[in-house]
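start-v4.cif (mmCIF, C-alpha atoms and all ligand atoms) appears below.
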```
data_upload
#
loop_
_atom_site.label_atom_id
_atom_site.label_comp_id
_atom_site.auth_asym_id
_atom_site.auth_seq_id
_atom_site.Cartn_x
_atom_site.Cartn_y
_atom_site.Cartn_z
CA MET A 1 112.30 137.88 129.34
CA ILE A 2 111.76 136.54 132.88
CA ILE A 3 108.49 135.93 134.76
CA ASP A 4 108.58 136.17 138.56
CA THR A 5 105.86 133.64 139.34
CA HIS A 6 105.53 134.41 143.06
CA SER A 7 105.97 137.79 144.70
CA HIS A 8 104.23 139.72 147.50
CA VAL A 9 105.10 143.19 146.23
CA TYR A 10 101.76 144.55 147.49
CA LEU A 11 103.04 144.36 151.08
CA ASP A 12 103.70 147.58 153.00
CA VAL A 13 107.47 147.24 152.87
CA PHE A 14 107.31 148.27 149.18
CA LYS A 15 104.96 151.21 149.52
CA ASP A 16 107.65 153.91 149.55
CA ASP A 17 109.60 152.83 146.48
CA LEU A 18 107.32 150.60 144.44
CA ALA A 19 107.86 152.55 141.20
CA GLU A 20 111.62 152.03 141.51
CA VAL A 21 111.13 148.34 142.34
CA VAL A 22 109.13 147.98 139.11
CA GLU A 23 111.75 149.92 137.12
CA ARG A 24 114.59 147.78 138.47
CA ALA A 25 112.63 144.64 137.62
CA LYS A 26 112.03 145.81 134.05
CA SER A 27 115.69 146.75 133.62
CA CYS A 28 116.53 143.14 134.58
CA ASP A 29 114.11 141.90 131.90
CA VAL A 30 111.46 140.81 134.42
CA ARG A 31 108.35 141.50 132.32
CA LYS A 32 105.66 139.93 134.48
CA VAL A 33 105.22 139.45 138.22
CA LEU A 34 102.52 137.16 139.60
CA LEU A 35 101.04 138.04 142.99
CA PRO A 36 99.64 135.31 145.25
CA ASN A 37 97.55 136.85 148.01
CA ILE A 38 97.76 135.77 151.64
CA ASP A 39 94.52 136.70 153.40
CA GLU A 40 91.49 138.95 152.86
CA ALA A 41 93.40 142.12 153.77
CA SER A 42 95.97 141.59 151.02
CA ILE A 43 93.40 141.37 148.23
CA GLU A 44 92.75 145.08 147.86
CA PRO A 45 96.41 146.23 147.66
CA MET A 46 97.12 143.34 145.27
CA LEU A 47 94.27 144.35 142.95
CA GLY A 48 95.43 147.97 143.16
CA LEU A 49 98.83 147.00 141.75
CA CYS A 50 97.24 145.00 138.93
CA LYS A 51 95.14 148.02 138.01
CA ASP A 52 98.13 150.42 138.11
CA TYR A 53 100.42 148.12 136.10
CA PRO A 54 98.29 146.08 133.68
CA ASP A 55 100.11 143.23 131.88
CA PHE A 56 102.89 143.47 134.47
CA PHE A 57 101.25 142.41 137.75
CA TYR A 58 98.78 139.51 137.81
CA SER A 59 96.57 138.53 140.75
CA MET A 60 95.84 135.23 142.44
CA ILE A 61 93.23 134.42 145.07
CA GLY A 62 93.76 132.14 148.04
CA LEU A 63 94.23 131.76 151.78
CA HIS A 64 97.77 131.17 153.09
CA PRO A 65 98.06 128.21 155.50
CA CYS A 66 99.50 130.48 158.22
CA ASP A 67 96.33 132.58 158.02
CA VAL A 68 93.86 129.73 158.44
CA ASN A 69 91.87 130.53 161.58
CA ASP A 70 88.61 129.31 163.09
CA ASP A 71 86.61 131.53 160.71
CA TYR A 72 88.27 130.01 157.63
CA GLU A 73 85.03 128.69 156.15
CA GLU A 74 83.46 132.15 155.90
CA VAL A 75 86.72 133.64 154.65
CA LEU A 76 86.97 130.99 151.93
CA ALA A 77 83.36 131.51 150.90
CA ARG A 78 83.95 135.25 150.44
CA MET A 79 87.17 134.61 148.52
CA LYS A 80 85.55 132.07 146.25
CA ALA A 81 82.82 134.56 145.34
CA LEU A 82 85.55 136.95 144.11
CA ILE A 83 87.12 134.50 141.66
CA PRO A 84 84.70 135.06 138.76
CA ILE A 85 84.94 138.83 139.29
CA VAL A 86 88.70 139.21 139.78
CA LYS A 87 89.67 136.56 137.21
CA PRO A 88 92.94 135.60 138.95
CA VAL A 89 95.67 133.64 137.13
CA GLY A 90 96.00 131.15 139.99
CA ILE A 91 94.63 129.84 143.29
CA GLY A 92 96.87 130.55 146.26
CA GLU A 93 98.86 130.64 148.03
CA THR A 94 97.57 127.66 149.90
CA GLY A 95 99.14 124.50 151.29
CA ILE A 96 100.17 123.37 154.76
CA ASP A 97 102.71 124.95 157.13
CA LEU A 98 103.75 122.92 160.16
CA HIS A 99 106.71 125.12 161.00
CA TRP A 100 104.73 127.98 162.55
CA LYS A 101 101.64 126.09 163.73
CA GLN A 102 101.01 122.39 164.33
CA ASP A 103 97.84 122.43 166.42
CA ASN A 104 95.46 123.34 163.59
CA LEU A 105 96.53 120.79 160.98
CA GLU A 106 92.98 119.59 160.50
CA ILE A 107 91.65 122.98 159.39
CA GLN A 108 94.78 123.74 157.36
CA LYS A 109 94.06 120.52 155.47
CA LYS A 110 90.41 121.38 154.95
CA SER A 111 91.30 124.83 153.67
CA PHE A 112 93.91 123.32 151.31
CA ILE A 113 91.47 120.74 149.93
CA GLU A 114 88.80 123.40 149.39
CA GLN A 115 91.30 125.39 147.33
CA ILE A 116 92.33 122.28 145.35
CA ASN A 117 88.67 122.04 144.40
CA TRP A 118 88.62 125.69 143.26
CA ALA A 119 91.65 125.05 141.07
CA LYS A 120 89.75 122.24 139.36
CA GLU A 121 86.46 124.10 139.16
CA PHE A 122 87.95 127.29 137.70
CA ASN A 123 90.72 125.56 135.71
CA LEU A 124 93.46 127.54 137.45
CA PRO A 125 96.88 126.48 138.74
CA LEU A 126 97.23 125.80 142.46
CA ILE A 127 100.09 127.53 144.32
CA ILE A 128 101.30 125.25 147.09
CA HIS A 129 103.24 126.39 150.15
CA ALA A 130 104.82 123.34 151.78
CA ARG A 131 106.79 123.93 154.94
CA GLU A 132 107.72 120.86 156.99
CA SER A 133 104.60 119.31 155.51
CA PHE A 134 105.44 117.27 152.39
CA LYS A 135 103.94 114.16 153.97
CA GLU A 136 100.59 115.84 154.75
CA ILE A 137 100.44 117.59 151.36
CA PHE A 138 101.18 114.37 149.51
CA GLU A 139 98.36 112.67 151.45
CA CYS A 140 95.94 115.34 150.23
CA LEU A 141 97.19 115.19 146.63
CA ASP A 142 97.20 111.37 146.56
CA GLU A 143 93.49 111.64 147.17
CA HIS A 144 92.64 114.73 145.10
CA ASP A 145 95.08 114.83 142.16
CA SER A 146 93.41 114.47 138.79
CA PRO A 147 94.26 115.05 135.12
CA GLU A 148 92.57 118.48 135.16
CA LEU A 149 94.56 119.69 138.20
CA ARG A 150 97.78 121.65 137.67
CA GLY A 151 99.92 123.66 140.03
CA VAL A 152 103.29 124.55 141.46
CA PHE A 153 105.22 123.75 144.62
CA HIS A 154 106.38 127.27 145.35
CA CYS A 155 109.83 127.94 146.86
CA PHE A 156 110.73 124.32 146.28
CA THR A 157 113.72 122.73 147.93
CA GLY A 158 113.47 119.05 148.42
CA SER A 159 115.08 115.69 148.04
CA GLU A 160 115.18 113.44 145.01
CA ASN A 161 112.35 111.39 146.55
CA GLU A 162 110.13 114.45 146.84
CA ILE A 163 110.94 115.47 143.27
CA ARG A 164 109.99 112.00 142.05
CA LYS A 165 106.75 112.06 144.05
CA ILE A 166 105.73 115.51 142.74
CA ALA A 167 106.61 114.54 139.17
CA SER A 168 104.36 111.51 139.53
CA TYR A 169 101.28 113.75 139.82
CA HIS A 170 99.60 114.85 136.63
CA ASN A 171 100.81 118.38 136.20
CA PHE A 172 102.88 119.88 138.98
CA TYR A 173 105.71 122.37 138.53
CA PHE A 174 108.61 123.39 140.77
CA GLY A 175 108.95 127.06 141.75
CA ILE A 176 112.65 127.78 142.26
CA GLY A 177 113.47 130.80 144.39
CA GLY A 178 116.25 132.35 146.44
CA THR A 179 116.53 129.42 148.84
CA SER A 180 117.95 127.28 146.04
CA THR A 181 121.07 129.47 146.12
CA TYR A 182 121.74 128.80 149.82
CA LYS A 183 124.67 126.49 150.53
CA LYS A 184 122.63 123.90 152.43
CA ASN A 185 120.35 123.44 149.42
CA GLN A 186 123.10 123.16 146.82
CA ASP A 187 122.94 119.38 146.74
CA GLY A 188 122.46 118.96 142.99
CA SER A 189 118.82 117.98 143.38
CA ILE A 190 117.82 120.78 140.99
CA GLN A 191 119.28 118.68 138.17
CA LYS A 192 116.71 115.97 138.92
CA ILE A 193 113.72 118.23 138.27
CA PRO A 194 112.15 117.72 134.82
CA VAL A 195 113.24 120.84 132.86
CA ASP A 196 109.76 121.39 131.43
CA LYS A 197 108.49 121.82 135.00
CA LEU A 198 110.88 124.54 136.21
CA VAL A 199 109.61 128.04 136.93
CA VAL A 200 111.34 130.87 138.82
CA GLU A 201 110.12 133.15 141.59
CA THR A 202 111.35 135.53 144.28
CA ASP A 203 108.77 135.25 147.11
CA ALA A 204 109.66 138.93 147.65
CA PRO A 205 110.12 140.47 150.22
CA PHE A 206 111.32 137.19 151.74
CA LEU A 207 114.21 134.79 151.09
CA SER A 208 116.58 136.88 148.97
CA PRO A 209 118.99 134.88 146.85
CA VAL A 210 122.73 134.96 147.44
CA PRO A 211 124.43 137.53 147.24
CA ASN A 212 121.53 139.56 148.63
CA ARG A 213 120.59 137.09 151.35
CA GLY A 214 119.22 138.90 154.41
CA LYS A 215 118.11 141.99 152.44
CA ARG A 216 114.55 142.78 151.37
CA ASN A 217 113.94 140.66 148.30
CA GLU A 218 112.48 142.17 145.11
CA PRO A 219 111.69 140.90 141.60
CA ALA A 220 114.97 142.26 140.10
CA PHE A 221 116.92 139.86 142.33
CA ILE A 222 115.50 136.94 140.39
CA GLU A 223 118.48 137.22 138.05
CA HIS A 224 120.67 135.60 140.74
CA THR A 225 118.34 132.60 140.87
CA VAL A 226 118.26 132.32 137.07
CA GLU A 227 122.07 132.53 137.08
CA PHE A 228 122.28 129.78 139.70
CA ILE A 229 119.96 127.48 137.74
CA SER A 230 121.95 128.16 134.56
CA LYS A 231 125.18 127.08 136.20
CA SER A 232 123.56 124.04 137.81
CA LEU A 233 122.09 122.86 134.50
CA GLY A 234 124.96 123.88 132.22
CA MET A 235 122.79 126.29 130.25
CA THR A 236 123.25 129.95 129.36
CA PHE A 237 121.39 132.63 131.30
CA ASP A 238 119.23 133.40 128.27
CA GLU A 239 118.36 129.74 127.71
CA THR A 240 117.27 129.39 131.34
CA ALA A 241 115.21 132.60 131.18
CA ALA A 242 113.51 131.42 127.96
CA LEU A 243 112.86 127.92 129.31
CA THR A 244 111.35 129.05 132.62
CA THR A 245 109.29 131.75 130.89
CA GLU A 246 107.82 129.23 128.44
CA ASN A 247 107.00 126.92 131.35
CA ALA A 248 105.37 129.75 133.33
CA LYS A 249 103.27 130.81 130.35
CA ARG A 250 102.05 127.24 129.89
CA LEU A 251 101.26 126.78 133.60
CA PHE A 252 99.49 130.10 134.10
CA LYS A 253 98.05 130.44 130.59
CA ILE A 254 99.38 133.98 130.11
CA ASP A 255 101.40 135.51 127.29
ZN ZN A 301 104.56 133.43 149.21
#
```
Please express what this file holds, its structure, as C-alpha cells.
Amino acid sequence: MIIDTHSHVYLDVFKDDLAEVVERAKSCDVRKVLLPNIDEASIEPMLGLCKDYPDFFYSMIGLHPCDVNDDYEEVLARMKALIPIVKPVGIGETGIDLHWKQDNLEIQKKSFIEQINWAKEFNLPLIIHARESFKEIFECLDEHDSPELRGVFHCFTGSENEIRKIASYHNFYFGIGGTSTYKKNQDGSIQKIPVDKLVVETDAPFLSPVPNRGKRNEPAFIEHTVEFISKSLGMTFDETAALTTENAKRLFKID
C-alpha cells in the first residue's frame, strides 16, 4: 500500500478522466491520496472529491505562498474558520516561494507564520512549500518550532546541510516526489535523510517522475518515485512502500 501525501487532483486538468485516474492509482496500490489546497477557490472542488471518494481522498486547508495577496488576512481568517468544520488532515500548502515573486516576502512570511500557529493550535501537520527560500523558512522555524509542531517539507530536494537543519527541528518529514528522479538531483543526498522521516508524494499534475517527465502527473506515477527510493536505499519496492506508508500514517494520524 502506498499513500500519495501531496496531490492536486481536484484541479481542472483531471475533470474529464478523474474516475480513470483513481482506478489507475488503485491498481498501483495507491490507497490514499492527500489533497493540499491552494487558495479559496480550490476548497470546494477538493471537498467534493473527499465526499465522492471517502477514505481515499483527504483534505487539507491552507494558503499557497504564490497565492498570498494584499487581502491575505481576510482570506486566512475565512480559511481558519473552516478548519473545525472541514476537519482537514493537514495545514497547507503554505511556505515561501521566492522563485515566482520576491517583492512580497514580508506578507508571505506573515501568512506562513499564521499557518504555523494553526498547525500548533489544531494539532495538524504543516505542509511546507520551499522554493528558493530555505533561508527564509529556516528563519521562521528557528523562531516558531516547538515540540508540538510537526510537518513536512513537500517536494524536497536539498543538500546535506539542509537535511541536517530540517532534521534538527522537532518533527519534520521529507516529502519525496518526482523531482528526486531527475538527473540533477541524483546526488545521493536521499541516503542522508532519516528513514523514519521519508514520505512519498506526486504533486500531481506537476513534476512527473522519470520516465513520465513532462507529462501530466497523477497518483499512479508515484510507483516510479518509490522505485527510485528503493534503488537509492538498497531496499525492495515493497519495503519502501511499507516504510513510507507507516511514516505517512504517523505524520498525518490516518489509518
Ligand atoms: Zn503542491
Checklist entry - Within 12 Å of (87.6, 133.8, 137.1), in the coordinates the file gives, what residues turn up when you count all atoms listed in the file, written out as a PyMOL selection string? => result chain A and resi 59-61+79-91+118-125
Checklist entry - Please, which residues have at least one atom within 10 Å of an atom of ligand ZN 301 (chain A), using only C-alpha atoms and all ligand atoms, listed as a PyMOL selection string? => result chain A and resi 5-8+35-38+64+92-94+127-129+154-155+201-207
Checklist entry - Closest to Met1 (chain A) among A:Ser27, A:Thr157, A:Asn117, A:Asn212, using all atoms listed in the file? => result A:Ser27
Mind checking which residues fall within 9 Å of Ser111 (chain A), counting all atoms listed in the file, ignoring those fewer than 4 positions away in the same chain, and posting them as an mmCIF file with C-alpha atoms, keeping the file's coordinate frame?
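Done, and the output landed in selection10.cif:
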```cif
data_model
loop_
_atom_site.group_PDB
_atom_site.id
_atom_site.type_symbol
_atom_site.label_atom_id
_atom_site.label_comp_id
_atom_site.auth_asym_id
_atom_site.auth_seq_id
_atom_site.Cartn_x
_atom_site.Cartn_y
_atom_site.Cartn_z
ATOM 1 C CA LEU A 63 94.230 131.760 151.780
ATOM 2 C CA PRO A 65 98.060 128.210 155.500
ATOM 3 C CA VAL A 68 93.860 129.730 158.440
ATOM 4 C CA TYR A 72 88.270 130.010 157.630
ATOM 5 C CA GLU A 73 85.030 128.690 156.150
ATOM 6 C CA LEU A 76 86.970 130.990 151.930
ATOM 7 C CA THR A 94 97.570 127.660 149.900
ATOM 8 C CA GLY A 95 99.140 124.500 151.290
ATOM 9 C CA GLU A 106 92.980 119.590 160.500
ATOM 10 C CA ILE A 107 91.650 122.980 159.390
ATOM 11 C CA GLN A 115 91.300 125.390 147.330
ATOM 12 C CA ILE A 116 92.330 122.280 145.350
#
```
Checklist entry - In Å to one decimal, how far is CA of Thr225 (chain A) from CA of Gln186 (chain A)? => result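 Interatomic distance here is 12.1 Å.
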Next on the checklist: I need the residue nearest Pro194 (chain A) from this list: A:Lys231, A:Phe153, A:Phe174, A:Asp103. Use all atoms listed in the file for the distance.
Outcome noted: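 Of all the options, A:Phe174 lies closest to Pro194 (chain A).
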Item to check | Pairwise distance for CA of Gly48 (chain A) and CA of Leu11 (chain A), rounded to one decimal in Å | outcome: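 These atoms are spaced 11.6 Å apart.
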Any idea what's packed within 9 Å of Tyr169 (chain A), counting all atoms listed in the file, ignoring anything in its chain fewer than 5 positions away? Could you give it as a PDB file with C-alpha atoms, keeping the file's coordinate frame?
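What ended up in out38.pdb:
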```
ATOM      1  CA  LEU A 141      97.190 115.190 146.630  1.00  0.00           C
ATOM      2  CA  ASP A 142      97.200 111.370 146.560  1.00  0.00           C
ATOM      3  CA  ASP A 145      95.080 114.830 142.160  1.00  0.00           C
ATOM      4  CA  SER A 146      93.410 114.470 138.790  1.00  0.00           C
ATOM      5  CA  PRO A 147      94.260 115.050 135.120  1.00  0.00           C
ATOM      6  CA  ARG A 150      97.780 121.650 137.670  1.00  0.00           C
TER       7      ARG A 150
END
```
For region 174-184 of chain A, I'd like the enclosing box, axis-aligned and padded by 8 Å on every side, reported as AutoDock Vina command-line options with centre and edge lengths in Å to one decimal.
```
--center_x 116.6 --center_y 127.9 --center_z 146.6 --size_x 32.1 --size_y 25.0 --size_z 27.7
```
Checklist entry - Within 12 Å of (97.1, 135.6, 128.4), in the coordinates the file gives, what residues turn up when you count all atoms listed in the file, written out as a ChimeraX atom specification? => result /A:32,54-56,58,87-89,248-255
Checklist outcome for this item: re CA of Gly151 (chain A) and CA of Gly175 (chain A): distance 9.8 Å
Next on the checklist: Please determine, counting only C-alpha atoms, which residue among A:Leu233, A:Glu143, A:Asp70, A:Ala77 has the shortest atom-to-atom distance to Gln108 (chain A).
Outcome noted: A:Asp70
Some atoms are absent from region 109-120 of chain A, so rebuild all heavy atoms and return them as a PDB file, in the frame of the given file.
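And here is the file that came out, out-v7.pdb:
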```pdb
ATOM      1  N   LYS A 109      94.332 121.522 156.516  1.00  0.00           N
ATOM      2  CA  LYS A 109      94.060 120.520 155.470  1.00  0.00           C
ATOM      3  C   LYS A 109      92.750 120.805 154.759  1.00  0.00           C
ATOM      4  O   LYS A 109      92.664 120.717 153.538  1.00  0.00           O
ATOM      5  CB  LYS A 109      93.954 119.129 156.123  1.00  0.00           C
ATOM      6  CG  LYS A 109      95.167 118.267 155.977  1.00  0.00           C
ATOM      7  CD  LYS A 109      94.808 116.878 156.496  1.00  0.00           C
ATOM      8  CE  LYS A 109      95.962 115.935 156.383  1.00  0.00           C
ATOM      9  NZ  LYS A 109      95.697 114.692 157.124  1.00  0.00           N
ATOM     10  N   LYS A 110      91.723 121.119 155.551  1.00  0.00           N
ATOM     11  CA  LYS A 110      90.410 121.380 154.950  1.00  0.00           C
ATOM     12  C   LYS A 110      90.461 122.595 154.042  1.00  0.00           C
ATOM     13  O   LYS A 110      89.870 122.594 152.955  1.00  0.00           O
ATOM     14  CB  LYS A 110      89.353 121.558 156.050  1.00  0.00           C
ATOM     15  CG  LYS A 110      88.949 120.235 156.666  1.00  0.00           C
ATOM     16  CD  LYS A 110      87.847 120.407 157.696  1.00  0.00           C
ATOM     17  CE  LYS A 110      87.419 119.043 158.234  1.00  0.00           C
ATOM     18  NZ  LYS A 110      86.889 119.134 159.603  1.00  0.00           N
ATOM     19  N   SER A 111      91.164 123.625 154.483  1.00  0.00           N
ATOM     20  CA  SER A 111      91.300 124.830 153.670  1.00  0.00           C
ATOM     21  C   SER A 111      92.055 124.507 152.372  1.00  0.00           C
ATOM     22  O   SER A 111      91.682 124.952 151.276  1.00  0.00           O
ATOM     23  CB  SER A 111      92.050 125.901 154.478  1.00  0.00           C
ATOM     24  OG  SER A 111      92.434 126.969 153.655  1.00  0.00           O
ATOM     25  N   PHE A 112      93.109 123.709 152.476  1.00  0.00           N
ATOM     26  CA  PHE A 112      93.910 123.320 151.310  1.00  0.00           C
ATOM     27  C   PHE A 112      93.042 122.533 150.315  1.00  0.00           C
ATOM     28  O   PHE A 112      93.015 122.825 149.111  1.00  0.00           O
ATOM     29  CB  PHE A 112      95.098 122.489 151.791  1.00  0.00           C
ATOM     30  CG  PHE A 112      96.003 121.967 150.701  1.00  0.00           C
ATOM     31  CD1 PHE A 112      96.386 122.768 149.633  1.00  0.00           C
ATOM     32  CD2 PHE A 112      96.495 120.664 150.765  1.00  0.00           C
ATOM     33  CE1 PHE A 112      97.228 122.282 148.637  1.00  0.00           C
ATOM     34  CE2 PHE A 112      97.339 120.170 149.773  1.00  0.00           C
ATOM     35  CZ  PHE A 112      97.699 120.976 148.711  1.00  0.00           C
ATOM     36  N   ILE A 113      92.293 121.579 150.819  1.00  0.00           N
ATOM     37  CA  ILE A 113      91.470 120.740 149.930  1.00  0.00           C
ATOM     38  C   ILE A 113      90.383 121.576 149.251  1.00  0.00           C
ATOM     39  O   ILE A 113      90.110 121.410 148.057  1.00  0.00           O
ATOM     40  CB  ILE A 113      90.880 119.542 150.709  1.00  0.00           C
ATOM     41  CG1 ILE A 113      92.019 118.581 151.069  1.00  0.00           C
ATOM     42  CG2 ILE A 113      89.813 118.808 149.890  1.00  0.00           C
ATOM     43  CD1 ILE A 113      91.664 117.539 152.106  1.00  0.00           C
ATOM     44  N   GLU A 114      89.795 122.500 149.996  1.00  0.00           N
ATOM     45  CA  GLU A 114      88.800 123.400 149.390  1.00  0.00           C
ATOM     46  C   GLU A 114      89.426 124.155 148.211  1.00  0.00           C
ATOM     47  O   GLU A 114      88.829 124.283 147.131  1.00  0.00           O
ATOM     48  CB  GLU A 114      88.274 124.371 150.454  1.00  0.00           C
ATOM     49  CG  GLU A 114      87.439 125.539 149.939  1.00  0.00           C
ATOM     50  CD  GLU A 114      86.028 125.144 149.517  1.00  0.00           C
ATOM     51  OE1 GLU A 114      85.630 123.998 149.788  1.00  0.00           O
ATOM     52  OE2 GLU A 114      85.336 125.995 148.903  1.00  0.00           O
ATOM     53  N   GLN A 115      90.662 124.608 148.386  1.00  0.00           N
ATOM     54  CA  GLN A 115      91.300 125.390 147.330  1.00  0.00           C
ATOM     55  C   GLN A 115      91.770 124.496 146.161  1.00  0.00           C
ATOM     56  O   GLN A 115      91.811 124.938 145.014  1.00  0.00           O
ATOM     57  CB  GLN A 115      92.430 126.248 147.915  1.00  0.00           C
ATOM     58  CG  GLN A 115      91.854 127.319 148.855  1.00  0.00           C
ATOM     59  CD  GLN A 115      92.903 128.160 149.573  1.00  0.00           C
ATOM     60  OE1 GLN A 115      93.495 129.047 148.976  1.00  0.00           O
ATOM     61  NE2 GLN A 115      93.138 127.860 150.850  1.00  0.00           N
ATOM     62  N   ILE A 116      92.081 123.234 146.452  1.00  0.00           N
ATOM     63  CA  ILE A 116      92.330 122.280 145.350  1.00  0.00           C
ATOM     64  C   ILE A 116      91.084 122.194 144.480  1.00  0.00           C
ATOM     65  O   ILE A 116      91.146 122.206 143.245  1.00  0.00           O
ATOM     66  CB  ILE A 116      92.687 120.871 145.905  1.00  0.00           C
ATOM     67  CG1 ILE A 116      94.037 120.872 146.629  1.00  0.00           C
ATOM     68  CG2 ILE A 116      92.693 119.832 144.770  1.00  0.00           C
ATOM     69  CD1 ILE A 116      94.376 119.550 147.324  1.00  0.00           C
ATOM     70  N   ASN A 117      89.931 122.141 145.148  1.00  0.00           N
ATOM     71  CA  ASN A 117      88.670 122.040 144.400  1.00  0.00           C
ATOM     72  C   ASN A 117      88.399 123.288 143.559  1.00  0.00           C
ATOM     73  O   ASN A 117      87.893 123.178 142.446  1.00  0.00           O
ATOM     74  CB  ASN A 117      87.512 121.740 145.354  1.00  0.00           C
ATOM     75  CG  ASN A 117      87.604 120.325 145.905  1.00  0.00           C
ATOM     76  OD1 ASN A 117      88.148 119.432 145.238  1.00  0.00           O
ATOM     77  ND2 ASN A 117      87.112 120.110 147.111  1.00  0.00           N
ATOM     78  N   TRP A 118      88.769 124.470 144.075  1.00  0.00           N
ATOM     79  CA  TRP A 118      88.620 125.690 143.260  1.00  0.00           C
ATOM     80  C   TRP A 118      89.493 125.610 142.013  1.00  0.00           C
ATOM     81  O   TRP A 118      89.072 126.001 140.927  1.00  0.00           O
ATOM     82  CB  TRP A 118      89.065 126.946 144.021  1.00  0.00           C
ATOM     83  CG  TRP A 118      88.314 127.306 145.252  1.00  0.00           C
ATOM     84  CD1 TRP A 118      87.191 126.717 145.750  1.00  0.00           C
ATOM     85  CD2 TRP A 118      88.660 128.366 146.156  1.00  0.00           C
ATOM     86  NE1 TRP A 118      86.819 127.349 146.909  1.00  0.00           N
ATOM     87  CE2 TRP A 118      87.693 128.354 147.184  1.00  0.00           C
ATOM     88  CE3 TRP A 118      89.685 129.315 146.210  1.00  0.00           C
ATOM     89  CZ2 TRP A 118      87.726 129.274 148.240  1.00  0.00           C
ATOM     90  CZ3 TRP A 118      89.714 130.222 147.249  1.00  0.00           C
ATOM     91  CH2 TRP A 118      88.745 130.202 148.260  1.00  0.00           C
ATOM     92  N   ALA A 119      90.721 125.132 142.206  1.00  0.00           N
ATOM     93  CA  ALA A 119      91.650 125.050 141.070  1.00  0.00           C
ATOM     94  C   ALA A 119      91.045 124.198 139.956  1.00  0.00           C
ATOM     95  O   ALA A 119      91.135 124.527 138.778  1.00  0.00           O
ATOM     96  CB  ALA A 119      92.995 124.489 141.529  1.00  0.00           C
ATOM     97  N   LYS A 120      90.396 123.103 140.365  1.00  0.00           N
ATOM     98  CA  LYS A 120      89.750 122.240 139.360  1.00  0.00           C
ATOM     99  C   LYS A 120      88.538 122.936 138.757  1.00  0.00           C
ATOM    100  O   LYS A 120      88.369 122.968 137.541  1.00  0.00           O
ATOM    101  CB  LYS A 120      89.293 120.930 140.025  1.00  0.00           C
ATOM    102  CG  LYS A 120      90.426 120.018 140.462  1.00  0.00           C
ATOM    103  CD  LYS A 120      89.821 118.788 141.135  1.00  0.00           C
ATOM    104  CE  LYS A 120      90.880 117.891 141.708  1.00  0.00           C
ATOM    105  NZ  LYS A 120      90.303 116.814 142.530  1.00  0.00           N
TER     106      LYS A 120
END
```
